[in-house]
$ cat target23.txt   # compact mmCIF, C-alpha atoms
# COMPACT_ATOMS: atom_id res chain seq x y z
CA MET A 1 21.15 -1.05 -16.34
CA PRO A 2 24.46 0.74 -16.97
CA GLU A 3 24.36 3.42 -19.67
CA ARG A 4 27.16 1.76 -21.65
CA SER A 5 27.41 -2.02 -21.55
CA PRO A 6 30.97 -3.25 -20.96
CA SER A 7 30.20 -6.20 -23.24
CA PRO A 8 27.41 -5.69 -25.81
CA PRO A 9 27.67 -9.30 -27.13
CA THR A 10 27.17 -10.64 -23.59
CA ARG A 11 24.28 -8.21 -23.12
CA ARG A 12 22.53 -9.70 -26.16
CA VAL A 13 22.92 -13.22 -24.75
CA VAL A 14 21.40 -12.09 -21.45
CA GLU A 15 18.49 -10.43 -23.25
CA ILE A 16 17.71 -13.57 -25.29
CA VAL A 17 17.81 -15.83 -22.23
CA SER A 18 15.65 -13.36 -20.26
CA LEU A 19 13.10 -13.22 -23.08
CA LEU A 20 12.79 -17.00 -23.35
CA ALA A 21 12.74 -17.51 -19.57
CA THR A 22 9.68 -15.29 -19.22
CA SER A 23 7.77 -16.57 -22.26
CA ASP A 24 4.97 -19.12 -21.96
CA ALA A 25 5.55 -20.40 -25.51
CA PRO A 26 8.47 -20.94 -27.90
CA ILE A 27 9.55 -17.90 -29.91
CA SER A 28 10.86 -17.95 -33.46
CA VAL A 29 14.21 -16.45 -34.45
CA ALA A 30 12.35 -13.68 -36.27
CA GLY A 31 10.24 -13.00 -33.19
CA ILE A 32 13.30 -12.84 -30.93
CA ALA A 33 15.12 -10.50 -33.30
CA GLU A 34 12.11 -8.22 -33.68
CA ARG A 35 11.32 -7.99 -29.96
CA LEU A 36 14.93 -7.34 -28.95
CA GLY A 37 15.83 -5.10 -31.88
CA ILE A 38 18.78 -7.19 -33.07
CA ALA A 39 19.73 -8.70 -36.43
CA ARG A 40 18.36 -12.16 -37.24
CA THR A 41 21.86 -13.37 -38.03
CA THR A 42 23.01 -12.29 -34.57
CA ALA A 43 20.05 -13.99 -32.91
CA THR A 44 20.66 -17.19 -34.89
CA ALA A 45 24.34 -17.33 -33.94
CA ILE A 46 23.62 -16.83 -30.23
CA LEU A 47 20.77 -19.36 -30.22
CA THR A 48 22.95 -21.95 -31.93
CA GLU A 49 25.55 -21.68 -29.15
CA LEU A 50 22.90 -21.70 -26.43
CA ASP A 51 21.31 -24.78 -28.02
CA VAL A 52 24.62 -26.64 -27.95
CA ALA A 53 25.02 -25.77 -24.27
CA GLY A 54 21.49 -26.94 -23.47
CA TRP A 55 20.45 -23.47 -22.31
CA VAL A 56 17.76 -23.31 -25.00
CA ILE A 57 15.94 -25.92 -27.01
CA ARG A 58 14.56 -25.64 -30.52
CA HIS A 59 10.98 -26.80 -31.07
CA PRO A 60 10.45 -27.70 -34.75
CA ALA A 61 8.19 -25.22 -36.55
CA ARG A 62 7.61 -23.29 -33.29
CA GLY A 63 10.84 -21.66 -32.23
CA TYR A 64 13.05 -21.65 -29.16
CA GLY A 65 12.38 -22.08 -25.46
CA ILE A 66 14.43 -22.52 -22.30
CA GLY A 67 16.48 -25.72 -22.44
CA PRO A 68 17.01 -28.45 -19.85
CA ALA A 69 20.19 -26.87 -18.48
CA LEU A 70 18.21 -23.84 -17.33
CA SER A 71 14.65 -25.10 -16.94
CA GLY A 72 15.21 -26.02 -13.34
CA LEU A 73 16.55 -22.56 -12.59
CA SER A 74 14.15 -20.33 -14.50
CA GLY A 75 10.92 -20.77 -12.55
CA ALA A 76 9.90 -17.42 -13.96
CA ALA A 77 7.93 -18.39 -17.03
CA LEU A 78 4.91 -16.18 -17.42
CA PRO A 79 1.48 -17.78 -17.15
CA HIS A 80 -0.14 -19.02 -20.32
CA GLY A 81 -2.01 -16.23 -22.05
CA ILE A 82 0.02 -13.24 -20.88
CA GLY A 83 1.54 -12.70 -24.31
CA GLU A 84 -1.81 -13.10 -26.02
CA ILE A 85 -3.40 -10.47 -23.78
CA LEU A 86 -0.61 -8.00 -24.56
CA THR A 87 -0.91 -8.75 -28.27
CA ALA A 88 -4.65 -8.15 -28.12
CA LEU A 89 -4.06 -4.80 -26.40
CA ALA A 90 -1.54 -3.76 -29.06
CA ASP A 91 -3.88 -4.89 -31.84
CA ARG A 92 -6.89 -3.12 -30.33
CA THR A 93 -5.12 0.21 -29.91
CA GLY A 94 -2.40 0.07 -32.57
CA TYR A 95 0.34 0.87 -30.03
CA GLY A 96 2.98 -1.03 -28.11
CA ALA A 97 2.34 -2.64 -24.73
CA THR A 98 4.60 -3.96 -21.98
CA PHE A 99 4.12 -6.13 -18.91
CA SER A 100 6.47 -5.38 -16.01
CA ARG A 101 7.19 -6.62 -12.50
CA ILE A 102 7.37 -3.89 -9.85
CA GLU A 103 9.77 -4.63 -6.99
CA PRO A 104 10.60 -2.27 -4.10
CA ASP A 105 13.65 -0.87 -5.87
CA ARG A 106 13.12 -1.49 -9.58
CA LEU A 107 10.81 -2.12 -12.52
CA THR A 108 11.66 -5.09 -14.77
CA VAL A 109 10.12 -5.56 -18.22
CA LEU A 110 8.84 -9.13 -18.58
CA ASP A 111 7.16 -8.99 -21.99
CA VAL A 112 6.84 -6.58 -24.90
CA ARG A 113 4.44 -6.38 -27.83
CA HIS A 114 4.85 -3.79 -30.59
CA GLY A 115 1.95 -1.91 -32.10
CA ILE A 116 1.26 -1.40 -35.78
CA ASP A 117 0.86 2.39 -35.73
CA ARG A 118 4.22 3.18 -34.13
CA VAL A 119 7.12 0.91 -33.27
CA VAL A 120 9.59 2.34 -30.76
CA PRO A 121 12.38 -0.23 -30.46
CA GLY A 122 14.84 -0.57 -27.64
CA ILE A 123 12.78 -1.77 -24.66
CA PRO A 124 13.90 -5.39 -24.38
CA VAL A 125 12.59 -8.06 -22.07
CA GLY A 126 14.72 -7.94 -18.93
CA HIS A 127 15.21 -4.15 -19.16
CA ARG A 128 15.33 -2.69 -15.65
CA ILE A 129 14.92 0.84 -14.39
CA PRO A 130 15.09 2.22 -10.84
CA LEU A 131 11.70 2.49 -9.15
CA GLN A 132 11.38 6.24 -8.90
CA PHE A 133 8.71 8.69 -9.99
CA PRO A 134 6.95 8.21 -12.36
CA ALA A 135 7.88 4.51 -12.82
CA GLY A 136 5.51 2.26 -10.89
CA ALA A 137 2.86 4.95 -10.35
CA SER A 138 0.05 2.55 -11.22
CA VAL A 139 0.83 0.15 -8.36
CA MET A 140 1.87 2.59 -5.64
CA PRO A 141 -1.65 3.31 -4.29
CA TRP A 142 -1.86 -0.37 -3.30
CA ARG A 143 1.63 -0.62 -1.79
CA SER A 144 2.55 -0.09 1.86
CA ALA A 145 2.90 3.39 3.33
CA GLY A 146 6.64 2.81 3.62
CA GLU A 147 7.00 1.98 -0.07
CA GLN A 148 4.85 4.96 -1.03
CA ASN A 149 6.96 7.32 1.07
CA THR A 150 10.17 5.94 -0.42
CA TRP A 151 8.76 6.39 -3.91
CA LEU A 152 7.50 9.90 -3.20
CA ALA A 153 10.95 10.82 -1.89
CA THR A 154 12.39 10.17 -5.38
CA THR A 155 10.46 13.08 -6.89
CA ALA A 156 11.94 16.49 -7.50
CA SER A 157 10.68 19.18 -5.15
CA THR A 158 8.56 20.63 -7.95
CA ASP A 159 6.84 17.25 -8.52
CA GLN A 160 6.11 16.18 -4.93
CA ARG A 161 2.61 17.62 -4.75
CA THR A 162 1.86 16.27 -8.24
CA ALA A 163 3.05 12.78 -7.27
CA ALA A 164 0.93 12.71 -4.12
CA SER A 165 -2.16 13.81 -6.07
CA LEU A 166 -1.42 11.17 -8.69
CA LEU A 167 -1.66 8.34 -6.13
CA ALA A 168 -5.16 9.44 -5.12
CA LEU A 169 -6.25 9.77 -8.75
CA VAL A 170 -4.86 6.36 -9.75
CA ARG A 171 -6.68 4.66 -6.86
CA GLU A 172 -9.91 6.38 -7.95
CA ARG A 173 -9.61 5.75 -11.72
CA GLY A 174 -7.54 2.54 -11.75
CA VAL A 175 -5.03 3.89 -14.26
CA ALA A 176 -2.11 6.32 -14.45
CA VAL A 177 -2.14 8.53 -17.54
CA PHE A 178 0.79 10.71 -18.60
CA ARG A 179 1.33 13.51 -21.09
CA PRO A 180 4.36 15.47 -22.29
CA ARG A 181 5.74 18.15 -20.04
CA THR A 182 4.79 21.74 -20.90
CA ASP A 183 4.32 22.30 -24.63
CA ASP A 184 6.84 19.82 -26.00
CA ALA A 185 4.29 17.46 -27.59
CA GLY A 186 5.78 18.05 -31.03
CA MET A 187 9.25 17.21 -29.75
CA VAL A 188 7.98 13.94 -28.27
CA ASP A 189 6.36 13.04 -31.58
CA LEU A 190 9.61 13.77 -33.40
CA LEU A 191 11.77 11.86 -30.91
CA ALA A 192 9.49 8.82 -31.05
CA ASP A 193 9.65 8.79 -34.86
CA LEU A 194 13.43 9.16 -34.79
CA LEU A 195 13.73 6.23 -32.37
CA GLY A 196 11.69 4.13 -34.76
CA ALA A 197 13.84 5.18 -37.70
CA VAL A 198 17.20 4.36 -36.08
CA GLY A 199 16.32 0.97 -34.66
CA ASP A 200 19.60 -0.56 -35.86
CA ASP A 201 21.67 1.91 -33.83
CA LEU A 202 19.54 1.19 -30.76
CA ARG A 203 21.03 -2.28 -30.67
CA ARG A 204 23.78 -0.50 -28.77
CA SER A 205 22.54 -0.59 -25.18
CA HIS A 206 24.05 2.74 -24.14
CA LEU A 207 22.29 4.57 -26.98
CA ARG A 208 19.05 2.76 -26.17
CA THR A 209 19.27 3.75 -22.51
CA ARG A 210 20.07 7.39 -23.27
CA ALA A 211 17.29 7.71 -25.85
CA LEU A 212 14.68 6.06 -23.66
CA ARG A 213 15.75 8.16 -20.67
CA GLN A 214 15.32 11.33 -22.71
CA LEU A 215 11.93 10.20 -23.99
CA ALA A 216 10.82 9.40 -20.42
CA ALA A 217 11.94 12.83 -19.22
CA LEU A 218 9.82 14.49 -21.89
CA THR A 219 6.69 12.40 -21.25
CA ALA A 220 6.41 12.12 -17.48
CA ARG A 221 3.78 14.69 -16.54
CA PRO A 222 0.69 13.02 -15.01
CA PHE A 223 -2.75 13.95 -16.24
CA THR A 224 -4.80 15.84 -13.67
CA ARG A 225 -8.43 15.04 -12.91
CA THR A 226 -9.49 18.09 -14.91
CA GLU A 227 -7.45 16.99 -17.93
CA LEU A 228 -8.80 13.45 -17.80
CA ASP A 229 -12.35 14.81 -17.96
CA SER A 230 -11.59 17.55 -20.49
CA ASP A 231 -13.27 17.76 -23.89
CA ASP A 232 -10.12 19.35 -25.35
CA GLN A 233 -7.64 17.65 -27.63
CA LEU A 234 -4.58 16.85 -25.51
CA PRO A 235 -1.23 15.10 -26.03
CA LEU A 236 -0.92 11.61 -24.55
CA SER A 237 2.33 9.81 -23.77
CA TYR A 238 1.45 6.54 -22.07
CA LEU A 239 -0.88 4.79 -19.65
CA ALA A 240 -0.27 2.18 -16.94
CA ALA A 241 -2.65 0.03 -14.90
CA PRO A 242 -1.96 -2.29 -11.94
CA VAL A 243 -1.97 -6.06 -12.24
CA PHE A 244 -2.52 -8.06 -9.06
CA ASP A 245 -0.92 -11.38 -8.18
CA PRO A 246 -2.91 -14.24 -6.54
CA THR A 247 -2.23 -12.78 -3.07
CA GLY A 248 -3.90 -9.50 -4.01
CA THR A 249 -0.62 -7.59 -4.22
CA ALA A 250 -0.21 -5.02 -7.00
CA ALA A 251 2.98 -6.71 -8.17
CA TYR A 252 2.88 -5.90 -11.88
CA GLU A 253 1.71 -3.26 -14.31
CA VAL A 254 0.65 -3.20 -17.93
CA GLN A 255 1.70 -0.14 -19.90
CA LEU A 256 0.43 1.20 -23.22
CA GLY A 257 2.48 3.75 -25.15
CA PRO A 258 0.54 5.75 -27.78
CA LEU A 259 3.01 8.70 -27.74
CA ARG A 260 0.45 10.90 -29.47
CA ALA A 261 0.84 14.66 -29.93
CA ALA A 262 -2.95 15.07 -29.81
CA THR A 263 -5.89 12.88 -28.74
CA THR A 264 -9.62 13.50 -28.48
CA LYS A 265 -11.59 12.77 -25.33
CA PHE A 266 -13.07 9.72 -27.07
CA GLU A 267 -9.63 8.39 -28.03
CA ARG A 268 -8.31 8.85 -24.49
CA ALA A 269 -11.33 7.05 -23.09
CA GLU A 270 -10.70 4.14 -25.46
CA PHE A 271 -7.03 3.90 -24.46
CA ILE A 272 -7.98 3.99 -20.78
CA SER A 273 -10.69 1.36 -21.22
CA ALA A 274 -8.38 -0.94 -23.20
CA THR A 275 -5.55 -0.64 -20.65
CA ILE A 276 -7.78 -1.30 -17.63
CA ALA A 277 -9.47 -4.23 -19.38
CA SER A 278 -6.10 -5.79 -20.19
CA ALA A 279 -4.94 -5.31 -16.59
CA ARG A 280 -7.99 -7.20 -15.36
CA GLU A 281 -7.39 -9.99 -17.86
CA LEU A 282 -3.75 -10.23 -16.76
CA THR A 283 -4.82 -10.39 -13.11
CA ALA A 284 -7.24 -13.20 -13.99
CA ALA A 285 -4.47 -15.05 -15.87
CA LEU A 286 -2.22 -14.90 -12.81
CA ALA A 287 -5.04 -16.14 -10.57
CA ALA A 288 -5.74 -19.02 -12.96
CA ARG A 289 -2.10 -20.07 -12.80
CA LYS A 290 -2.36 -20.23 -9.01
CA LEU A 291 -5.46 -22.41 -9.24
CA ASP A 292 -3.76 -24.77 -11.70
CA SER A 293 -0.62 -25.18 -9.60
$ encode --input "target23.txt" --output "structure tokens"
Amino acid sequence: MPERSPSPPTRRVVEIVSLLATSDAPISVAGIAERLGIARTTATAILTELDVAGWVIRHPARGYGIGPALSGLSGAALPHGIGEILTALADRTGYGATFSRIEPDRLTVLDVRHGIDRVVPGIPVGHRIPLQFPAGASVMPWRSAGEQNTWLATTASTDQRTAASLLALVRERGVAVFRPRTDDAGMVDLLADLLGAVGDDLRRSHLRTRALRQLAALTARPFTRTELDSDDQLPLSYLAAPVFDPTGTAAYEVQLGPLRAATTKFERAEFISATIASARELTAALAARKLDS
């Protein structure tokens, strides 16, 4: 997405439509506002106009969904249960979780659930980022050699050996685990807290993009095999695990974002277990949708 939106009001409309188009159940105004980081009054005004146009429809006591004017075009609604699985992951760990589609050139966020221990706003449904290291690391071991080579070519020269080793480790362990670069764990903790404190300002898409880009730059060092097995307390940024579509393609990933300055071996093992378990549940949900269709 561009760093500065040429039309922030239009951007908010797009984000609301994207959110509803990929939801398997109606969402309340409060839920839409919370997940997109916008004011409830703004969400209500946009939804009212979209309702008049038939782009959304209001379900009494349940919230809003895609309306008849768009239902024939969406075709992208997530399978039933995806949101519940993400919510369960966030509840189990206390941290936010996302579900994203990984295409050859980009990663697109399809659903977001905030945790209770730390809320980092600004990652809306529909948010896209270029598919370059480290984005998409969890699916790359199961992608074609051509896609892997293209992805590896996006790394800086200093990261190329690290990226290649990461692919082998992810295939072995089933999860990509990242930590802050060098010794900036305290800075990551501070930046994450600041992002949570200035959620209103992050309604501006250019600020959101810049802040998230900076956070990603600080948190993109993959764990090594030695670090994963270490008994030491270590900082932990986020984890990602592959989700497979009914054809067996690693087309999606689930990501968990603890953004912790220090974690014990036990805590890391729990985060890894929870992320992998959720990825398997998401894969099963996608397979069930195929069987039902």
$ closest_residue --input "target23.txt" --among "A:Ala241, A:Ser144, A:Ala88, A:Phe133" --to "Val170 of chain A" --atoms "all atoms listed in the file"
A:Ala241
$ closest_residue --input "target23.txt" --among "A:Leu239, A:Ala279, A:Ala45, A:Ala287" --to "Ile85 of chain A" --atoms "only C-alpha atoms"
A:Ala279
$ atom_distance --input "target23.txt" --atom1 "atom CA of Val14 of chain A" --atom2 "atom CA of Gly94 of chain A"
28.9 Å
$ residues_around --input "target23.txt" --residues "Glu270 of chain A" --least-positions-apart "3" --cutoff "12 Å" --atoms "only C-alpha atoms" --output "number ranges by chain"
A: 89, 92-94, 239, 256, 258, 263-267, 273-277
$ closest_residue --input "target23.txt" --among "A:Ala90, A:Ala135, A:Ala240, A:Leu20" --to "Leu110 of chain A" --atoms "all atoms listed in the file"
A:Leu20
$ residues_near_point --input "target23.txt" --point "(14.7, -13.6, -29.3)" --cutoff "9 Å" --atoms "only C-alpha atoms" --output "list in words"
Glu15, Ile16, Val17, Leu19, Leu20, Ile27, Ser28, Val29, Ala30, Gly31, Ile32, Ala33, Glu34, Arg35, Leu36, Gly37, Ile38, Arg40, Ala43, Thr44, Leu47 and Tyr64 of chain A
$ atom_distance --input "target23.txt" --atom1 "atom CA of Leu169 of chain A" --atom2 "atom CA of Ile272 of chain A"
13.5 Å
$ atom_distance --input "target23.txt" --atom1 "atom CA of Ser165 of chain A" --atom2 "atom CA of Pro235 of chain A"
20.0 Å
$ closest_residue --input "target23.txt" --among "A:Ile102, A:Ala285, A:Ala261, A:Ile66" --to "Ala137 of chain A" --atoms "all atoms listed in the file"
A:Ile102
$ closest_residue --input "target23.txt" --among "A:Leu166, A:Leu131, A:Arg280, A:Pro79" --to "Thr150 of chain A" --atoms "only C-alpha atoms"
A:Leu131
$ residues_around --input "target23.txt" --residues "Ala163 of chain A" --least-positions-apart "5" --cutoff "8 Å" --atoms "all atoms listed in the file" --output "list in words"
Phe133, Pro134, Leu152 and Thr155 of chain A
$ write_last_selection --input "target23.txt" --atoms "C-alpha atoms" --output "compact mmCIF listing (two decimals), in the frame of the given file"
# COMPACT_ATOMS: atom_id res chain seq x y z
CA PHE A 133 8.71 8.69 -9.99
CA PRO A 134 6.95 8.21 -12.36
CA LEU A 152 7.50 9.90 -3.20
CA THR A 155 10.46 13.08 -6.89
$ residues_around --input "target23.txt" --residues "Leu282 of chain A" --least-positions-apart "6" --cutoff "9 Å" --atoms "all atoms listed in the file" --output "list of chain:residue names"
A:Gly81, A:Ile82, A:Ile85, A:Leu86, A:Val243, A:Phe244, A:Val254
$ closest_residue --input "target23.txt" --among "A:Phe223, A:Arg113, A:Arg12, A:Pro130" --to "Leu167 of chain A" --atoms "all atoms listed in the file"
A:Phe223
$ residues_near_point --input "target23.txt" --point "(-7.9, 3.3, -8.0)" --cutoff "10 Å" --atoms "all atoms listed in the file" --output "PyMOL selection string"
chain A and resi 138-139+141-142+167-176+241-242
